[in-house]
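**Student:** Handing over protein34.txt, compact mmCIF, C-alpha atoms.
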```
# COMPACT_ATOMS: atom_id res chain seq x y z
CA MET A 1 33.98 -63.05 2.67
CA GLY A 2 34.52 -62.86 -1.16
CA HIS A 3 30.80 -63.18 -1.68
CA GLY A 4 30.22 -60.33 0.80
CA VAL A 5 32.66 -58.03 -1.04
CA LYS A 6 31.01 -58.87 -4.38
CA LYS A 7 27.62 -58.00 -2.94
CA LEU A 8 29.00 -54.75 -1.55
CA TYR A 9 30.49 -53.81 -4.96
CA ARG A 10 27.19 -54.62 -6.66
CA GLU A 11 25.26 -52.46 -4.21
CA LEU A 12 27.78 -49.66 -4.53
CA GLY A 13 27.42 -49.89 -8.32
CA GLU A 14 23.66 -49.64 -8.07
CA LEU A 15 23.99 -46.71 -5.73
CA ALA A 16 26.38 -44.93 -8.12
CA ARG A 17 23.97 -45.46 -11.03
CA PHE A 18 21.11 -44.14 -8.92
CA VAL A 19 23.13 -41.04 -7.98
CA GLU A 20 24.13 -40.48 -11.62
CA ASN A 21 20.52 -40.77 -12.79
CA ALA A 22 19.38 -38.42 -10.08
CA MET A 23 22.04 -35.87 -11.04
CA ARG A 24 21.04 -36.13 -14.72
CA THR A 25 17.36 -35.64 -13.87
CA ILE A 26 18.14 -32.63 -11.68
CA SER A 27 20.42 -31.23 -14.37
CA GLN A 28 17.63 -31.54 -16.96
CA ALA A 29 15.17 -29.93 -14.59
CA GLY A 30 17.70 -27.18 -14.09
CA ARG A 31 17.22 -25.74 -17.57
CA PRO A 32 13.63 -24.60 -16.99
CA ILE A 33 14.69 -23.52 -13.51
CA ILE A 34 17.36 -21.24 -14.99
CA THR A 35 14.85 -19.84 -17.49
CA SER A 36 12.27 -19.18 -14.78
CA THR A 37 14.89 -17.71 -12.45
CA SER A 38 16.06 -15.28 -15.10
CA ASP A 39 12.44 -14.14 -15.59
CA LEU A 40 11.91 -13.37 -11.91
CA PRO A 41 13.69 -9.97 -11.73
CA ALA A 42 11.61 -8.73 -14.67
CA ALA A 43 8.40 -9.96 -13.02
CA THR A 44 9.42 -8.17 -9.81
CA SER A 45 10.06 -4.98 -11.74
CA HIS A 46 6.58 -5.16 -13.29
CA LEU A 47 5.04 -5.55 -9.86
CA ALA A 48 6.88 -2.42 -8.70
CA ASP A 49 5.56 -0.61 -11.80
CA LEU A 50 2.07 -1.74 -10.88
CA ASN A 51 2.46 -0.13 -7.47
CA LYS A 52 3.68 3.10 -9.01
CA MET A 53 0.81 3.23 -11.52
CA THR A 54 -1.88 2.67 -8.90
CA GLU A 55 -0.25 5.25 -6.63
CA GLU A 56 -0.14 7.88 -9.38
CA GLY A 57 -3.78 7.21 -10.32
CA THR A 58 -4.90 7.32 -6.71
CA LEU A 59 -3.08 10.59 -5.98
CA GLU A 60 -4.72 12.21 -9.02
CA VAL A 61 -8.21 11.11 -7.92
CA MET A 62 -7.37 12.46 -4.44
CA ARG A 63 -6.23 15.80 -5.85
CA LEU A 64 -9.48 16.24 -7.78
CA THR A 65 -11.60 15.08 -4.83
CA GLU A 66 -9.91 17.59 -2.54
CA LEU A 67 -10.52 20.35 -5.09
CA MET A 68 -14.22 19.48 -5.07
CA GLN A 69 -14.25 19.39 -1.26
CA ASP A 70 -12.70 22.88 -1.12
CA ASN A 71 -15.24 24.18 -3.64
CA HIS A 72 -18.07 22.63 -1.64
CA ALA A 73 -16.82 24.28 1.55
CA ARG A 74 -16.86 27.68 -0.19
CA MET A 75 -20.32 27.04 -1.68
CA GLY A 76 -21.61 25.94 1.72
CA LYS A 77 -20.48 29.21 3.28
CA GLU A 78 -22.04 31.20 0.41
CA CYS A 79 -25.32 29.31 0.81
CA ALA A 80 -25.38 30.03 4.54
CA ALA A 81 -24.75 33.74 3.93
CA ILE A 82 -27.43 33.97 1.20
CA GLU A 83 -29.91 32.07 3.37
CA GLU A 84 -29.36 34.54 6.21
CA VAL A 85 -29.93 37.55 3.93
CA LEU A 86 -33.07 35.97 2.45
CA LYS A 87 -34.45 35.26 5.89
CA ALA A 88 -33.76 38.85 6.93
CA MET A 89 -35.65 40.00 3.83
CA ASP A 90 -38.47 37.61 4.76
CA CYS A 91 -38.02 35.60 1.53
CA VAL A 92 -38.90 32.32 3.25
CA THR A 93 -39.44 30.20 0.12
CA LEU A 94 -36.16 31.23 -1.43
CA ALA A 95 -34.37 30.75 1.88
CA LYS A 96 -35.77 27.20 2.08
CA ARG A 97 -34.53 26.46 -1.45
CA VAL A 98 -31.03 27.65 -0.55
CA GLU A 99 -31.19 25.55 2.60
CA ARG A 100 -32.02 22.45 0.52
CA LEU A 101 -29.14 23.31 -1.78
CA ALA A 102 -26.80 23.44 1.21
CA ALA A 103 -28.15 20.08 2.41
CA ASP A 104 -27.44 18.54 -1.02
CA LEU A 105 -23.92 19.93 -0.92
CA SER A 106 -23.43 18.43 2.50
CA GLN A 107 -24.64 15.04 1.21
CA ASP A 108 -22.19 15.28 -1.71
CA ASP A 109 -19.44 16.07 0.76
CA ARG A 110 -20.08 12.84 2.61
CA CYS A 111 -19.81 11.00 -0.74
CA LEU A 112 -16.49 12.74 -1.45
CA THR A 113 -15.16 11.63 1.93
CA GLU A 114 -16.25 8.08 1.10
CA ILE A 115 -14.41 8.32 -2.22
CA MET A 116 -11.27 9.37 -0.33
CA THR A 117 -11.49 6.48 2.14
CA ALA A 118 -12.29 3.99 -0.63
CA LEU A 119 -8.94 4.92 -2.18
CA SER A 120 -7.20 3.17 0.70
CA PHE A 121 -7.39 0.11 -1.57
CA GLN A 122 -4.14 1.40 -3.08
CA ASP A 123 -2.32 1.00 0.23
CA LEU A 124 -3.65 -2.53 0.68
CA VAL A 125 -2.67 -3.47 -2.89
CA ALA A 126 0.80 -1.97 -2.42
CA GLN A 127 1.37 -3.92 0.80
CA ARG A 128 0.40 -7.19 -0.87
CA VAL A 129 2.56 -6.45 -3.89
CA LYS A 130 5.52 -5.75 -1.58
CA LYS A 131 5.00 -9.13 0.08
CA LEU A 132 4.81 -10.82 -3.35
CA VAL A 133 8.05 -9.12 -4.37
CA ALA A 134 9.71 -10.39 -1.18
CA ILE A 135 8.45 -13.91 -1.91
CA LEU A 136 9.74 -13.75 -5.51
CA ASP A 137 13.15 -12.55 -4.29
CA ASP A 138 13.29 -15.44 -1.84
CA VAL A 139 12.25 -17.99 -4.50
CA GLN A 140 14.86 -16.62 -6.88
CA ASP A 141 17.53 -16.87 -4.20
CA LYS A 142 16.62 -20.48 -3.44
CA LEU A 143 16.50 -21.46 -7.11
CA MET A 144 19.90 -19.91 -7.72
CA LYS A 145 21.34 -21.88 -4.79
CA LEU A 146 19.85 -25.05 -6.28
CA VAL A 147 21.40 -24.28 -9.64
CA VAL A 148 24.80 -23.63 -8.05
CA VAL A 149 24.72 -26.75 -5.83
CA PHE A 150 23.79 -29.14 -8.65
CA GLY A 151 25.85 -27.37 -11.27
CA THR A 152 22.99 -27.33 -13.74
CA GLN A 153 23.86 -25.56 -16.95
CA SER A 154 21.73 -23.92 -19.51
CA GLU A 155 21.92 -25.44 -22.95
CA GLY A 156 20.33 -24.53 -26.22
CA SER A 157 20.90 -20.79 -26.22
CA GLU A 158 23.79 -18.47 -25.61
CA ASP A 159 22.05 -16.02 -23.33
CA GLY A 160 21.25 -18.62 -20.71
CA LYS A 161 17.57 -18.64 -21.54
CA GLY A 162 15.94 -21.76 -22.87
CA GLU A 163 12.74 -21.96 -24.86
CA PRO A 164 10.31 -19.36 -23.54
CA GLY A 165 7.43 -20.98 -21.70
CA LYS A 166 4.10 -19.46 -20.70
CA SER A 167 5.71 -17.18 -18.12
CA GLY A 168 8.27 -16.05 -20.67
CA ASP A 169 5.54 -15.18 -23.18
CA LEU A 170 3.57 -13.24 -20.59
CA LEU A 171 6.66 -11.31 -19.53
CA LYS A 172 7.44 -10.53 -23.17
CA GLN A 173 3.92 -9.12 -23.56
CA LEU A 174 4.40 -7.00 -20.46
CA GLU A 175 7.76 -5.70 -21.68
CA GLU A 176 6.24 -4.84 -25.06
CA SER A 177 3.32 -3.03 -23.45
CA LYS A 178 5.86 -0.90 -21.57
CA THR A 179 7.83 0.12 -24.61
CA THR A 180 5.10 0.21 -27.23
CA ALA A 181 2.23 1.67 -25.19
CA MET A 182 1.36 4.91 -26.84
CA LYS A 183 0.23 8.18 -25.35
CA GLN A 184 -2.98 9.77 -26.63
CA ASN A 185 -1.14 12.71 -28.22
CA VAL A 186 0.98 10.32 -30.29
CA ALA A 187 -2.15 8.40 -31.33
CA ASP A 188 -3.83 11.68 -32.29
CA GLU A 189 -0.85 12.66 -34.40
CA ILE A 190 -1.00 9.36 -36.25
CA LEU A 191 -4.77 9.64 -36.65
CA ALA A 192 -4.35 13.15 -38.01
CA GLN A 193 -2.00 11.78 -40.64
CA TYR A 194 -4.86 9.57 -41.80
CA GLY A 195 -7.30 12.42 -42.00
CA PHE A 196 -8.91 12.14 -38.57
CA LYS A 197 -9.45 15.60 -37.16
CA MET B 1 -12.42 15.42 27.72
CA PRO B 2 -13.43 16.23 24.11
CA ALA B 3 -10.70 16.43 21.50
CA ASP B 4 -9.20 19.89 21.04
CA PRO B 5 -9.66 20.83 17.34
CA ASN B 6 -6.45 22.89 17.54
CA MET B 7 -4.28 20.07 18.87
CA LYS B 8 -1.35 18.97 16.76
CA ILE B 9 -1.81 15.52 15.24
CA LEU B 10 0.98 13.37 13.81
CA VAL B 11 0.10 10.97 10.99
CA VAL B 12 2.77 8.28 10.52
CA ASP B 13 2.60 6.11 7.40
CA ASP B 14 5.07 5.17 4.68
CA MET B 15 2.37 5.42 2.00
CA ALA B 16 1.65 8.94 0.76
CA THR B 17 -1.88 7.96 -0.27
CA MET B 18 -2.72 6.69 3.20
CA ARG B 19 -1.34 9.81 4.92
CA ARG B 20 -3.47 11.93 2.62
CA ILE B 21 -6.60 9.91 3.36
CA VAL B 22 -6.12 10.13 7.13
CA LYS B 23 -5.36 13.86 6.88
CA ASN B 24 -8.46 14.42 4.76
CA ILE B 25 -10.72 12.62 7.20
CA LEU B 26 -9.22 14.46 10.17
CA LYS B 27 -9.76 17.73 8.31
CA GLN B 28 -13.41 16.80 7.69
CA LEU B 29 -13.71 16.07 11.41
CA GLY B 30 -12.48 19.57 12.20
CA PHE B 31 -8.77 19.01 12.86
CA ALA B 32 -6.51 21.23 10.82
CA ASN B 33 -3.15 21.08 12.61
CA ILE B 34 -1.76 17.89 11.10
CA GLN B 35 1.87 16.88 10.58
CA GLU B 36 3.24 13.86 8.75
CA ALA B 37 6.07 11.33 9.14
CA GLU B 38 7.07 8.48 6.84
CA ASN B 39 8.17 5.96 9.46
CA GLY B 40 8.37 5.36 13.20
CA GLN B 41 11.84 6.86 13.56
CA GLU B 42 10.87 10.09 11.84
CA GLY B 43 7.68 10.10 13.89
CA LEU B 44 9.60 9.79 17.16
CA GLN B 45 11.92 12.63 16.17
CA LYS B 46 8.94 14.91 15.48
CA LEU B 47 7.28 13.92 18.74
CA GLN B 48 10.43 14.81 20.66
CA GLN B 49 10.69 18.19 18.96
CA ASP B 50 7.13 19.40 19.47
CA THR B 51 3.96 18.87 21.50
CA TYR B 52 1.35 16.60 19.95
CA GLY B 53 -2.13 15.70 21.13
CA LEU B 54 -2.54 12.52 19.06
CA VAL B 55 -0.57 10.07 16.92
CA VAL B 56 -2.25 8.13 14.11
CA SER B 57 0.12 5.42 12.92
CA ASP B 58 0.43 2.56 10.47
CA TRP B 59 2.00 -0.74 11.61
CA ASN B 60 4.12 -1.89 8.66
CA MET B 61 6.75 0.70 7.85
CA PRO B 62 10.42 0.59 6.88
CA VAL B 63 13.16 1.81 9.25
CA MET B 64 10.92 1.61 12.34
CA THR B 65 7.52 -0.08 12.52
CA GLY B 66 4.47 1.43 14.14
CA ILE B 67 4.50 -1.08 17.00
CA ASP B 68 8.15 -0.29 17.79
CA MET B 69 7.37 3.43 17.73
CA LEU B 70 4.43 2.83 20.07
CA ARG B 71 6.70 0.97 22.52
CA ALA B 72 9.24 3.79 22.33
CA ILE B 73 6.50 6.37 23.01
CA ARG B 74 5.22 4.47 26.03
CA ALA B 75 8.78 4.06 27.37
CA ASP B 76 9.47 7.80 27.14
CA GLU B 77 8.45 9.83 30.21
CA LYS B 78 7.69 12.93 28.13
CA LEU B 79 5.69 11.16 25.43
CA LYS B 80 3.99 8.27 27.19
CA ALA B 81 0.67 10.07 27.74
CA ILE B 82 0.08 10.82 24.03
CA PRO B 83 -2.84 8.80 22.65
CA VAL B 84 -1.77 6.52 19.79
CA LEU B 85 -4.35 5.28 17.29
CA MET B 86 -3.15 2.50 15.00
CA VAL B 87 -4.60 2.30 11.50
CA THR B 88 -3.37 -0.88 9.92
CA ALA B 89 -3.98 -3.77 7.57
CA GLU B 90 -2.50 -6.12 10.19
CA ALA B 91 -5.81 -7.59 11.20
CA GLN B 92 -4.68 -10.74 12.97
CA GLN B 93 -5.82 -11.20 16.53
CA ALA B 94 -2.19 -11.60 17.61
CA ASN B 95 -1.38 -8.16 16.17
CA LEU B 96 -4.22 -6.53 18.04
CA VAL B 97 -3.18 -8.23 21.29
CA GLU B 98 0.43 -7.12 20.73
CA ALA B 99 -0.70 -3.55 20.15
CA VAL B 100 -2.89 -3.55 23.25
CA GLN B 101 -0.01 -4.92 25.32
CA ALA B 102 2.23 -2.21 23.92
CA GLY B 103 -0.26 0.43 25.07
CA VAL B 104 -2.25 1.37 21.95
CA SER B 105 -5.17 3.75 22.57
CA ASN B 106 -7.32 2.25 19.82
CA TYR B 107 -7.04 0.24 16.63
CA ILE B 108 -8.55 0.68 13.17
CA VAL B 109 -8.39 -2.02 10.50
CA LYS B 110 -7.94 -0.95 6.89
CA PRO B 111 -9.98 -0.32 4.85
CA PHE B 112 -11.98 1.93 7.12
CA THR B 113 -14.58 4.69 6.93
CA ALA B 114 -14.66 8.26 8.24
CA GLU B 115 -17.33 7.13 10.71
CA THR B 116 -14.97 4.54 12.18
CA MET B 117 -12.26 7.17 12.63
CA GLN B 118 -14.75 9.55 14.26
CA GLU B 119 -16.00 6.82 16.58
CA LYS B 120 -12.47 5.81 17.65
CA LEU B 121 -11.44 9.43 18.27
CA ALA B 122 -14.58 9.95 20.35
CA LYS B 123 -13.62 6.90 22.43
CA ILE B 124 -10.05 8.11 22.91
CA PHE B 125 -11.09 11.62 23.95
CA LYS B 126 -14.29 10.84 25.88
```
What does this structure look like when you write it as structure tokens?
**Tutor:**
Amino acid sequence: MGHGVKKLYRELGELARFVENAMRTISQAGRPIITSTSDLPAATSHLADLNKMTEEGTLEVMRLTELMQDNHARMGKECAAIEEVLKAMDCVTLAKRVERLAADLSQDDRCLTEIMTALSFQDLVAQRVKKLVAILDDVQDKLMKLVVVFGTQSEGSEDGKGEPGKSGDLLKQLEESKTTAMKQNVADEILAQYGFK
Amino acid sequence: MPADPNMKILVVDDMATMRRIVKNILKQLGFANIQEAENGQEGLQKLQQDTYGLVVSDWNMPVMTGIDMLRAIRADEKLKAIPVLMVTAEAQQANLVEAVQAGVSNYIVKPFTAETMQEKLAKIFK
């Protein structure tokens, strides 16, 4: 009986050491987890920016394409009217040339429609980005739960962020590009100061 | 029965770019009377307020999805005869089957061309 109790205490001791080691390992792993978790909202925000930028660019291309389509429609009508007058005046050669012009316009119109439909890439990109954002939110939620459950604490810095890893560096670059990206007019002003005109 | 170029068409999509593309193609195909809605719920409200000859709808939308709107259209005595064309990136076989079971009139997978839209409209209004 005494031997059995001894064995039980020994096994319980081993189990306690194992649990302690496991907790320490998880706690150490928690630091990079906290760092990565704190980076996730910023990464999500950049993805949303990406959506906005592609949408703005796409809408501008659409606006210009539609302007060209409207112009083509007007030119097509003009061509048809001129062709009719030329035919009435028996100017067959000129009428044929106007007809070819109208055919070229019509061909260009088909290309413009293809440009419009090709722009649907923006919708597909936006849908995938939305799914990525949802995944990131979910991962962040799970990581935070892990951190709370195991009580992992950030050490080494006051703001809760450890040493920046690769993801941290990339995010920093993205943040900088947002705040330091310069508009052409600002660049021109600076260039002008250096004698560029 | 060929499509009436004067019929009112409702384009339902949460993405402004996609609504513009569909509208542009429909315009090129000779349809000028086009209205827009940003989700299924808004689409349903517009359908109940006016008479439409065709609905072109996306699948994935906030508030109410395209498939839910389709089911609501087919369950409504006044609206159930309106042709519904789905234009969506949901290209899984299961999605297509679900849409067919819900009563879709035809199905276009994004990205698509003007020719595809023309062909599907011709099939709906043959």
**Student:** Between CA of Gln122 (chain A) and CA of Gly40 (chain B), what is the distance, to one decimal in Å?
**Tutor:**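 The value is 20.9 Å.
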**Student:** I'd like to know which of A:Cys111, A:Lys145, A:Leu124, A:Leu132 is closest to Ala114 (chain B), using all atoms listed in the file.
**Tutor:**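 Of the candidates, the smallest distance to Ala114 (chain B) is held by A:Cys111.
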**Student:** Using all atoms listed in the file, select each residue of chain A with any atom at most 9 Å away from an atom of chain B, and give the selection as a list in words.
**Tutor:**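 Result: Glu55, Thr58, Leu59, Met62, Glu66, Thr113, Glu114, Met116, Thr117, Ala118, Leu119, Ser120, Phe121, Gln122, Asp123, Leu124, Ala126 and Gln127 of chain A.
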**Student:** Find the residues near Asp104 (chain A): any atom within 12 Å, counting only C-alpha atoms, skip ones fewer than 5 places away on the same chain, and give them as an NGL selection string.
**Tutor:** :A and (72 or 75-76 or 79 or 97-99 or 109-111)
